Number of protein chains: 2
Amino acid sequence: MQVRIEPVQPDQVGLLLELIRQLAEYERRLDQVQATEADLRAALFREGSPVRAVLAWRGQEAVGYALYYPVFSTFRGQFALYLEDIFVLPAYRGQGIGLALMRYLAREALRHGYDRIEWQVLDWNTPAIEFYHRLGATPKETEWVPYKLEGEALRRLAAG
Amino acid sequence: MQVRIEPVQPDQVGLLLELIRQLAEYERRLDQVQATEADLRAALFREGSPVRAVLAWRGQEAVGYALYYPVFSTFRGQFALYLEDIFVLPAYRGQGIGLALMRYLAREALRHGYDRIEWQVLDWNTPAIEFYHRLGATPKETEWVPYKLEGEALRRLAAG
């Protein structure tokens, strides 16, 4: 049975959130999921939001998804498509669904004139890492340390 | 003399590119700067682009900049302000200009309803790391490996 990749519709946001929760469970981070349907709806459908998501369908069943947005490199002067999440339900792996999602994203990137897809993978997720290498993906340099500023520290800075 | 933080205007894109090149030189990556004024103008001013940049002014001189765009976490269901670049000319450091830029960004984040600023710092850039810690910033978990897919591999995937 063929897979179809289609943009998430407003009435499918509940399906998307369920898949996000299944990804979080696979990544052993279910406790970190605080997103609500309203959060996702705002991110995907609010005027001017750059966030996009697609579902992978086998017949009537949503079996995977990808969520992405543009990022910009000042040195390259180019946008990349940043892939925040890609996920296929465990029972449907090895059937080309991840490949169909990545192909959709590659076309989406080129259609927008972006010259790259970028993403991050958990260092223990060997099946995913092997899949990405088969596509020709390469690790980026890693002398960068990610930081965040949030909560009270963020509000204190803003108020100062 | 006070510092003013102001959005980049279309006729200031050349100034911005000069500062980007100086940041790249500081990061020992000048060879990686391929961006043109046209690239930056498109990223900042094309209808619907989420990329924003500000200049820091001392009198008539642009002495620093920041460039940022929104990113979205599906687990948190929230946007963060992603700080792609922040830079102050070496001769103007230690005068509160970086702080003024970060404060502008904190206000910008809260104004948009984002609950976080995120960025990356080079692991050898101790003065920057200390500055961020003084603001209350914290390193993110680092079991994520960044990947990219570009060039021929990207086009091959799209064509497949």
# chains A, B, ... in the order shown; residues from 1 in each chain; ligands from 1
$ interface_residues --of "chain A" --to "chain B" --cutoff "6 Å" --atoms "only C-alpha atoms" --output "ChimeraX atom specification"
/A:33-35,39,75-77,103,106-107,116-123,136-140,143-150,153,157-158
$ select_by_dssp --residues "segment 10-139 of chain A" --states "strand (DSSP E)" --output "PyMOL selection string"
chain A and resi 52-58+61-73+78-88+116-122+138-139
$ select_by_dssp --residues "segment 2-113 of chain B" --states "helix (DSSP H, G or I)" --output "PyMOL selection string"
chain B and resi 10-26+30-32+37-45+90-92+97-112
$ atom_distance --atom1 "atom CA of Gly98 of chain B" --atom2 "atom CA of Gly59 of chain B"
16.1 Å
$ atom_distance --atom1 "atom CA of Phe87 of chain A" --atom2 "atom CA of Glu61 of chain A"
14.2 Å
$ atom_distance --atom1 "atom CA of Ile86 of chain B" --atom2 "atom CA of Ala66 of chain B"
4.3 Å
$ closest_residue --among "A:Glu6, A:Glu130, A:Glu25, A:Asp11" --to "Arg58 of chain A" --atoms "only C-alpha atoms"
A:Glu6
$ residues_around --residues "Val3 of chain A" --least-positions-apart "5" --cutoff "7 Å" --atoms "only C-alpha atoms" --output "tab-separated table (two decimals) with N, CA and C atoms, in the first residue's frame"
chain	number	residue	atom	x	y	z
A	56	ALA	N	2.06	11.36	7.29
A	56	ALA	CA	2.22	10.25	6.34
A	56	ALA	C	1.03	9.31	6.53
A	57	TRP	N	0.34	9.03	5.46
A	57	TRP	CA	-0.88	8.21	5.51
A	57	TRP	C	-0.67	6.88	4.81
A	58	ARG	N	-1.10	5.78	5.49
A	58	ARG	CA	-1.30	4.48	4.84
A	58	ARG	C	-2.78	4.23	4.85
A	97	ILE	N	8.45	4.69	4.55
A	97	ILE	CA	7.65	5.85	4.95
A	97	ILE	C	8.56	7.01	5.37
